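Structure file start20.csv; described as CSV, N, CA and C atoms.
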chain,number,residue,atom,x,y,z
Z,1,MET,N,11.9,253.7,41.5
Z,1,MET,CA,11.9,253.3,40.1
Z,1,MET,C,13.3,253.6,39.5
Z,2,ILE,N,13.8,252.6,38.8
Z,2,ILE,CA,15.1,252.8,38.1
Z,2,ILE,C,14.9,253.1,36.7
Z,3,SER,N,15.6,254.2,36.2
Z,3,SER,CA,15.5,254.6,34.8
Z,3,SER,C,16.4,253.6,34.0
Z,4,ARG,N,15.9,253.2,32.9
Z,4,ARG,CA,16.7,252.4,31.9
Z,4,ARG,C,16.9,253.2,30.7
Z,5,PHE,N,18.1,253.0,30.0
Z,5,PHE,CA,18.4,253.8,28.9
Z,5,PHE,C,18.7,253.0,27.7
Z,6,VAL,N,18.3,253.5,26.5
Z,6,VAL,CA,18.5,252.9,25.2
Z,6,VAL,C,19.4,253.8,24.4
Z,7,PHE,N,20.5,253.2,23.9
Z,7,PHE,CA,21.4,253.9,23.0
Z,7,PHE,C,20.9,253.8,21.6
Z,8,ARG,N,20.7,254.9,20.9
Z,8,ARG,CA,20.3,254.8,19.5
Z,8,ARG,C,21.2,255.6,18.6
Z,9,ALA,N,21.6,254.9,17.5
Z,9,ALA,CA,22.5,255.5,16.5
Z,9,ALA,C,21.8,255.4,15.2
Z,10,ASP,N,21.8,256.5,14.5
Z,10,ASP,CA,21.3,256.5,13.1
Z,10,ASP,C,22.4,256.9,12.2
Z,11,ILE,N,22.7,256.0,11.3
Z,11,ILE,CA,23.9,256.2,10.4
Z,11,ILE,C,23.4,256.1,8.9
Z,12,THR,N,24.0,257.0,8.1
Z,12,THR,CA,23.7,257.0,6.7
Z,12,THR,C,25.1,257.1,6.0
Z,13,VAL,N,25.4,256.0,5.2
Z,13,VAL,CA,26.7,256.0,4.5
Z,13,VAL,C,26.4,255.3,3.1
Z,14,GLU,N,27.2,255.7,2.2
Z,14,GLU,CA,27.1,255.0,0.9
Z,14,GLU,C,28.3,254.1,0.6
Z,15,GLU,N,29.4,254.5,1.1
Z,15,GLU,CA,30.7,253.7,0.9
Z,15,GLU,C,31.2,253.1,2.2
Z,16,PHE,N,31.9,252.0,2.1
Z,16,PHE,CA,32.4,251.4,3.4
Z,16,PHE,C,33.4,252.3,4.1
Z,17,PRO,N,34.3,253.0,3.4
Z,17,PRO,CA,35.2,253.8,4.2
Z,17,PRO,C,34.5,254.9,5.1
Z,18,ASP,N,33.3,255.3,4.6
Z,18,ASP,CA,32.5,256.3,5.4
Z,18,ASP,C,32.0,255.6,6.6
Z,19,PHE,N,31.5,254.4,6.5
Z,19,PHE,CA,31.1,253.6,7.6
Z,19,PHE,C,32.2,253.4,8.6
Z,20,HIS,N,33.4,253.0,8.1
Z,20,HIS,CA,34.5,252.7,9.0
Z,20,HIS,C,34.8,253.9,9.8
Z,21,GLU,N,34.8,255.1,9.3
Z,21,GLU,CA,35.0,256.3,10.1
Z,21,GLU,C,34.0,256.5,11.2
Z,22,LEU,N,32.7,256.3,10.8
Z,22,LEU,CA,31.7,256.4,11.8
Z,22,LEU,C,31.7,255.3,12.9
Z,23,TYR,N,32.2,254.1,12.4
Z,23,TYR,CA,32.3,253.0,13.3
Z,23,TYR,C,33.2,253.3,14.5
Z,24,ALA,N,34.3,254.0,14.3
Z,24,ALA,CA,35.2,254.3,15.4
Z,24,ALA,C,34.5,255.3,16.4
Z,25,GLN,N,33.7,256.2,15.9
Z,25,GLN,CA,32.9,257.1,16.7
Z,25,GLN,C,31.8,256.3,17.5
Z,26,LEU,N,31.2,255.4,16.8
Z,26,LEU,CA,30.2,254.5,17.4
Z,26,LEU,C,30.7,253.7,18.6
Z,27,ARG,N,31.9,253.1,18.4
Z,27,ARG,CA,32.6,252.4,19.5
Z,27,ARG,C,32.8,253.2,20.7
Z,28,ASP,N,33.4,254.4,20.4
Z,28,ASP,CA,33.7,255.3,21.5
Z,28,ASP,C,32.5,255.8,22.3
Z,29,GLU,N,31.4,256.2,21.5
Z,29,GLU,CA,30.2,256.6,22.1
Z,29,GLU,C,29.5,255.5,23.0
Z,30,LEU,N,29.6,254.3,22.5
Z,30,LEU,CA,29.0,253.2,23.2
Z,30,LEU,C,29.7,253.0,24.6
Z,31,LEU,N,31.0,253.1,24.5
Z,31,LEU,CA,31.8,253.0,25.8
Z,31,LEU,C,31.5,254.1,26.8
Z,32,ARG,N,31.4,255.3,26.3
Z,32,ARG,CA,31.1,256.5,27.1
Z,32,ARG,C,29.7,256.3,27.7
Z,33,TRP,N,28.7,255.9,26.9
Z,33,TRP,CA,27.4,255.7,27.3
Z,33,TRP,C,27.3,254.6,28.5
Z,34,HIS,N,28.0,253.5,28.3
Z,34,HIS,CA,28.0,252.4,29.2
Z,34,HIS,C,28.8,252.9,30.5
Z,35,GLU,N,29.9,253.6,30.4
Z,35,GLU,CA,30.6,254.1,31.6
Z,35,GLU,C,29.7,255.0,32.4
Z,36,LYS,N,28.9,255.8,31.7
Z,36,LYS,CA,28.1,256.8,32.4
Z,36,LYS,C,26.8,256.2,33.0
Z,37,ARG,N,26.2,255.2,32.3
Z,37,ARG,CA,24.9,254.7,32.7
Z,37,ARG,C,25.0,253.3,33.5
Z,38,GLY,N,26.1,252.6,33.2
Z,38,GLY,CA,26.3,251.3,33.9
Z,38,GLY,C,25.2,250.3,33.8
Z,39,LYS,N,24.7,249.8,34.9
Z,39,LYS,CA,23.7,248.8,34.9
Z,39,LYS,C,22.3,249.3,34.5
Z,40,ARG,N,22.2,250.6,34.3
Z,40,ARG,CA,20.9,251.2,33.8
Z,40,ARG,C,20.8,251.1,32.3
Z,41,CYS,N,21.8,250.6,31.6
Z,41,CYS,CA,21.8,250.4,30.2
Z,41,CYS,C,20.8,249.3,29.9
Z,42,GLN,N,19.9,249.5,28.9
Z,42,GLN,CA,18.9,248.5,28.6
Z,42,GLN,C,19.1,247.9,27.2
Z,43,ALA,N,19.3,248.7,26.2
Z,43,ALA,CA,19.3,248.2,24.9
Z,43,ALA,C,20.1,249.2,24.0
Z,44,VAL,N,20.4,248.7,22.8
Z,44,VAL,CA,21.1,249.4,21.7
Z,44,VAL,C,20.3,249.3,20.5
Z,45,ARG,N,20.0,250.4,19.8
Z,45,ARG,CA,19.3,250.4,18.5
Z,45,ARG,C,20.1,251.0,17.5
Z,46,ILE,N,20.5,250.3,16.4
Z,46,ILE,CA,21.3,250.9,15.4
Z,46,ILE,C,20.5,250.8,14.1
Z,47,ASN,N,20.2,252.0,13.5
Z,47,ASN,CA,19.5,252.1,12.2
Z,47,ASN,C,20.5,252.7,11.2
Z,48,ALA,N,20.8,251.9,10.2
Z,48,ALA,CA,21.8,252.3,9.2
Z,48,ALA,C,21.2,252.3,7.8
Z,49,THR,N,21.3,253.5,7.2
Z,49,THR,CA,20.9,253.6,5.8
Z,49,THR,C,22.2,253.5,4.9
Z,50,ILE,N,22.2,252.4,4.1
Z,50,ILE,CA,23.5,252.1,3.5
Z,50,ILE,C,23.3,251.6,2.0
Z,51,HIS,N,24.4,251.5,1.3
Z,51,HIS,CA,24.3,250.8,0.0
Z,51,HIS,C,24.3,249.3,0.3
Z,52,PRO,N,23.3,248.6,-0.2
Z,52,PRO,CA,23.2,247.2,0.1
Z,52,PRO,C,24.4,246.3,-0.1
Z,53,TRP,N,25.3,246.8,-1.0
Z,53,TRP,CA,26.5,246.0,-1.3
Z,53,TRP,C,27.5,245.9,0.0
Z,54,ILE,N,27.3,246.9,0.9
Z,54,ILE,CA,28.2,246.9,2.1
Z,54,ILE,C,27.5,246.3,3.3
Z,55,ALA,N,26.3,245.8,3.2
Z,55,ALA,CA,25.6,245.2,4.3
Z,55,ALA,C,26.3,244.1,5.0
Z,56,GLY,N,26.9,243.2,4.3
Z,56,GLY,CA,27.6,242.1,4.9
Z,56,GLY,C,28.8,242.5,5.7
Z,57,ARG,N,29.5,243.5,5.3
Z,57,ARG,CA,30.7,244.0,6.0
Z,57,ARG,C,30.2,244.7,7.3
Z,58,ILE,N,29.1,245.4,7.2
Z,58,ILE,CA,28.6,246.1,8.3
Z,58,ILE,C,28.1,245.1,9.4
Z,59,ARG,N,27.4,244.1,9.0
Z,59,ARG,CA,26.9,243.1,9.9
Z,59,ARG,C,28.1,242.4,10.6
Z,60,GLN,N,29.2,242.2,9.8
Z,60,GLN,CA,30.4,241.6,10.4
Z,60,GLN,C,31.0,242.5,11.5
Z,61,TYR,N,31.1,243.8,11.2
Z,61,TYR,CA,31.7,244.7,12.1
Z,61,TYR,C,30.9,244.8,13.4
Z,62,LEU,N,29.6,244.9,13.3
Z,62,LEU,CA,28.7,245.0,14.4
Z,62,LEU,C,28.8,243.7,15.3
Z,63,ARG,N,28.8,242.6,14.6
Z,63,ARG,CA,28.9,241.3,15.3
Z,63,ARG,C,30.3,241.2,16.1
Z,64,GLU,N,31.4,241.6,15.4
Z,64,GLU,CA,32.7,241.6,16.1
Z,64,GLU,C,32.7,242.6,17.2
Z,65,LEU,N,32.1,243.7,17.1
Z,65,LEU,CA,32.0,244.7,18.2
Z,65,LEU,C,31.4,244.1,19.4
Z,66,ARG,N,30.2,243.4,19.2
Z,66,ARG,CA,29.5,242.8,20.3
Z,66,ARG,C,30.3,241.7,21.0
Z,67,ASN,N,31.2,241.0,20.2
Z,67,ASN,CA,32.0,240.0,20.8
Z,67,ASN,C,33.3,240.4,21.3
Z,68,SER,N,33.7,241.7,21.1
Z,68,SER,CA,35.0,242.2,21.5
Z,68,SER,C,35.0,242.3,23.1
Z,69,GLU,N,36.2,242.2,23.6
Z,69,GLU,CA,36.4,242.2,25.0
Z,69,GLU,C,36.0,243.6,25.6
Z,70,SER,N,36.4,244.7,24.8
Z,70,SER,CA,36.1,246.0,25.3
Z,70,SER,C,34.6,246.4,25.3
Z,71,HIS,N,33.8,245.7,24.5
Z,71,HIS,CA,32.4,245.9,24.5
Z,71,HIS,C,31.6,244.7,24.9
Z,72,ALA,N,32.1,243.9,25.8
Z,72,ALA,CA,31.5,242.7,26.3
Z,72,ALA,C,30.1,243.0,26.9
Z,73,PHE,N,29.9,244.2,27.4
Z,73,PHE,CA,28.7,244.6,28.1
Z,73,PHE,C,27.5,244.5,27.1
Z,74,LEU,N,27.8,244.6,25.8
Z,74,LEU,CA,26.7,244.5,24.7
Z,74,LEU,C,26.1,243.1,24.7
Z,75,GLN,N,26.8,242.1,25.2
Z,75,GLN,CA,26.3,240.7,25.2
Z,75,GLN,C,25.2,240.6,26.3
Z,76,HIS,N,25.0,241.5,27.1
Z,76,HIS,CA,24.0,241.5,28.2
Z,76,HIS,C,22.8,242.4,27.9
Z,77,LEU,N,22.9,243.0,26.7
Z,77,LEU,CA,21.8,244.0,26.2
Z,77,LEU,C,21.1,243.5,25.0
Z,78,SER,N,19.9,243.9,24.7
Z,78,SER,CA,19.3,243.7,23.5
Z,78,SER,C,19.9,244.6,22.5
Z,79,VAL,N,20.3,244.1,21.3
Z,79,VAL,CA,20.9,245.0,20.3
Z,79,VAL,C,20.1,244.8,19.0
Z,80,GLU,N,19.4,245.8,18.6
Z,80,GLU,CA,18.5,245.7,17.4
Z,80,GLU,C,19.3,246.5,16.3
Z,81,ILE,N,19.4,245.8,15.2
Z,81,ILE,CA,20.1,246.4,14.0
Z,81,ILE,C,19.1,246.4,12.8
Z,82,GLU,N,18.9,247.5,12.3
Z,82,GLU,CA,18.0,247.7,11.1
Z,82,GLU,C,18.9,248.3,10.0
Z,83,LEU,N,19.0,247.6,8.9
Z,83,LEU,CA,19.7,248.1,7.7
Z,83,LEU,C,18.7,248.4,6.6
Z,84,SER,N,18.8,249.6,6.0
Z,84,SER,CA,17.9,250.0,4.9
Z,84,SER,C,18.8,250.5,3.8
Z,85,GLY,N,18.3,250.3,2.6
Z,85,GLY,CA,19.0,250.8,1.4
Z,85,GLY,C,18.8,252.3,1.3
Z,86,LEU,N,19.7,252.9,0.5
Z,86,LEU,CA,19.6,254.3,0.2
Z,86,LEU,C,18.3,254.7,-0.4
Z,87,ASP,N,17.6,253.7,-1.0
Z,87,ASP,CA,16.3,254.0,-1.6
Z,87,ASP,C,15.1,253.8,-0.6
Z,88,GLY,N,15.5,253.4,0.7
Z,88,GLY,CA,14.5,253.3,1.7
Z,88,GLY,C,14.0,251.8,1.9
Z,89,LYS,N,14.4,251.0,1.0
Z,89,LYS,CA,13.9,249.6,1.1
Z,89,LYS,C,14.7,248.8,2.1
Z,90,PRO,N,14.0,247.9,2.9
Z,90,PRO,CA,14.7,247.2,3.9
Z,90,PRO,C,15.8,246.2,3.3
Z,91,VAL,N,16.9,246.2,4.0
Z,91,VAL,CA,18.0,245.2,3.6
Z,91,VAL,C,18.0,244.1,4.6
Z,92,ASP,N,18.0,244.4,5.9
Z,92,ASP,CA,18.1,243.4,7.0
Z,92,ASP,C,17.6,244.1,8.3
Z,93,HIS,N,17.0,243.2,9.1
Z,93,HIS,CA,16.5,243.7,10.4
Z,93,HIS,C,16.6,242.5,11.4
Z,94,TYR,N,17.3,242.6,12.4
Z,94,TYR,CA,17.4,241.5,13.4
Z,94,TYR,C,17.8,242.1,14.8
Z,95,THR,N,17.5,241.3,15.8
Z,95,THR,CA,17.8,241.6,17.2
Z,95,THR,C,18.7,240.5,17.8
Z,96,LEU,N,19.8,241.0,18.4
Z,96,LEU,CA,20.6,240.1,19.2
Z,96,LEU,C,20.2,240.2,20.6
Z,97,GLU,N,19.6,239.1,21.1
Z,97,GLU,CA,19.1,239.1,22.5
Z,97,GLU,C,20.2,238.9,23.5
Z,98,PRO,N,20.0,239.4,24.7
Z,98,PRO,CA,21.0,239.2,25.8
Z,98,PRO,C,21.3,237.7,26.0
Z,99,GLY,N,22.6,237.5,26.1
Z,99,GLY,CA,23.0,236.1,26.4
Z,99,GLY,C,23.1,235.2,25.2
Z,100,THR,N,22.8,235.7,24.0
Z,100,THR,CA,22.9,234.9,22.8
Z,100,THR,C,24.2,235.3,22.1
Z,101,ALA,N,24.8,234.3,21.4
Z,101,ALA,CA,25.9,234.6,20.6
Z,101,ALA,C,25.6,235.5,19.4
Z,102,ALA,N,26.4,236.4,19.0
Z,102,ALA,CA,26.2,237.2,17.9
Z,102,ALA,C,26.0,236.5,16.6
Z,103,ASP,N,26.6,235.3,16.5
Z,103,ASP,CA,26.4,234.5,15.3
Z,103,ASP,C,25.0,233.9,15.2
Z,104,ALA,N,24.3,233.9,16.3
Z,104,ALA,CA,22.9,233.3,16.2
Z,104,ALA,C,21.9,234.5,16.1
Z,105,GLU,N,22.0,235.2,15.0
Z,105,GLU,CA,21.2,236.3,14.7
Z,105,GLU,C,19.7,235.9,14.5
Z,106,LYS,N,18.8,236.6,15.1
Z,106,LYS,CA,17.4,236.3,15.0
Z,106,LYS,C,16.7,237.4,14.1
Z,107,GLU,N,16.0,236.9,13.2
Z,107,GLU,CA,15.2,237.8,12.4
Z,107,GLU,C,14.0,238.4,13.2
Z,108,SER,N,13.8,239.7,13.0
Z,108,SER,CA,12.6,240.3,13.6
Z,108,SER,C,11.6,240.6,12.6
Z,109,ALA,N,10.4,240.4,13.0
Z,109,ALA,CA,9.2,240.7,12.1
Z,109,ALA,C,8.8,242.1,12.2

When written as structure tokens, how does the structure in this file appear?
Amino acid sequence: MISRFVFRADITVEEFPDFHELYAQLRDELLRWHEKRGKRCQAVRINATIHPWIAGRIRQYLRELRNSESHAFLQHLSVEIELSGLDGKPVDHYTLEPGTAADAEKESA
């Protein structure tokens, strides 16, 4: 039996500069996780509690990360992204399935 691993990141930020700082850490941690686990990587789950005004920029950064050459392995994994407001209300929730373009975001119920 082969173990499969899910990378989970929980982020809470109010301002975009705070996200940008955490984004660099997220990129590095994803690379280390993939280097260590290799083909046993199964999925990525990102839960971000944010100010709704920065949701668009966060979506853009995560989409660009998945499409970047350095993180191309993400295109072969299920990437679930859940954005919630600081008040706890849902802002966005979608899953990028393996083999799909990041621009073809699918809404999850």

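Interatomic distance, CA of Tyr94 in chain Z against CA of Glu82 in chain Z: 6.6 Å.
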
request  = Determine, counting only C-alpha atoms, which protein, DNA and RNA residues have an atom within 10 Å of an atom of range 44-57 of chain Z; residues of the same chain fewer than 3 positions away are not included. Present the result as a PyMOL selection string.
outcome  = chain Z and resi 5-16+19-20+26+30+41+60-63+74+77-93+95-96

request  = Write down as number ranges by chain the residues of range 3-105 of chain Z whose backbone DSSP state falls under helix (DSSP H, G or I).
outcome  = Z: 16-40, 52-67, 72-76

query = Which one is closest to Ala43 in chain Z: Z:Arg66, Z:Arg27, Z:His71, Z:His76? Count only C-alpha atoms.
reply =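 Using only C-alpha atoms, Ala43 in chain Z sits closest to Z:His76.
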
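When only C-alpha atoms are used to compute distances to Phe73 in chain Z, the closest of the residues Z:Gln25, Z:Arg59, Z:Pro98, Z:Asp18 turns out to be Z:Pro98.
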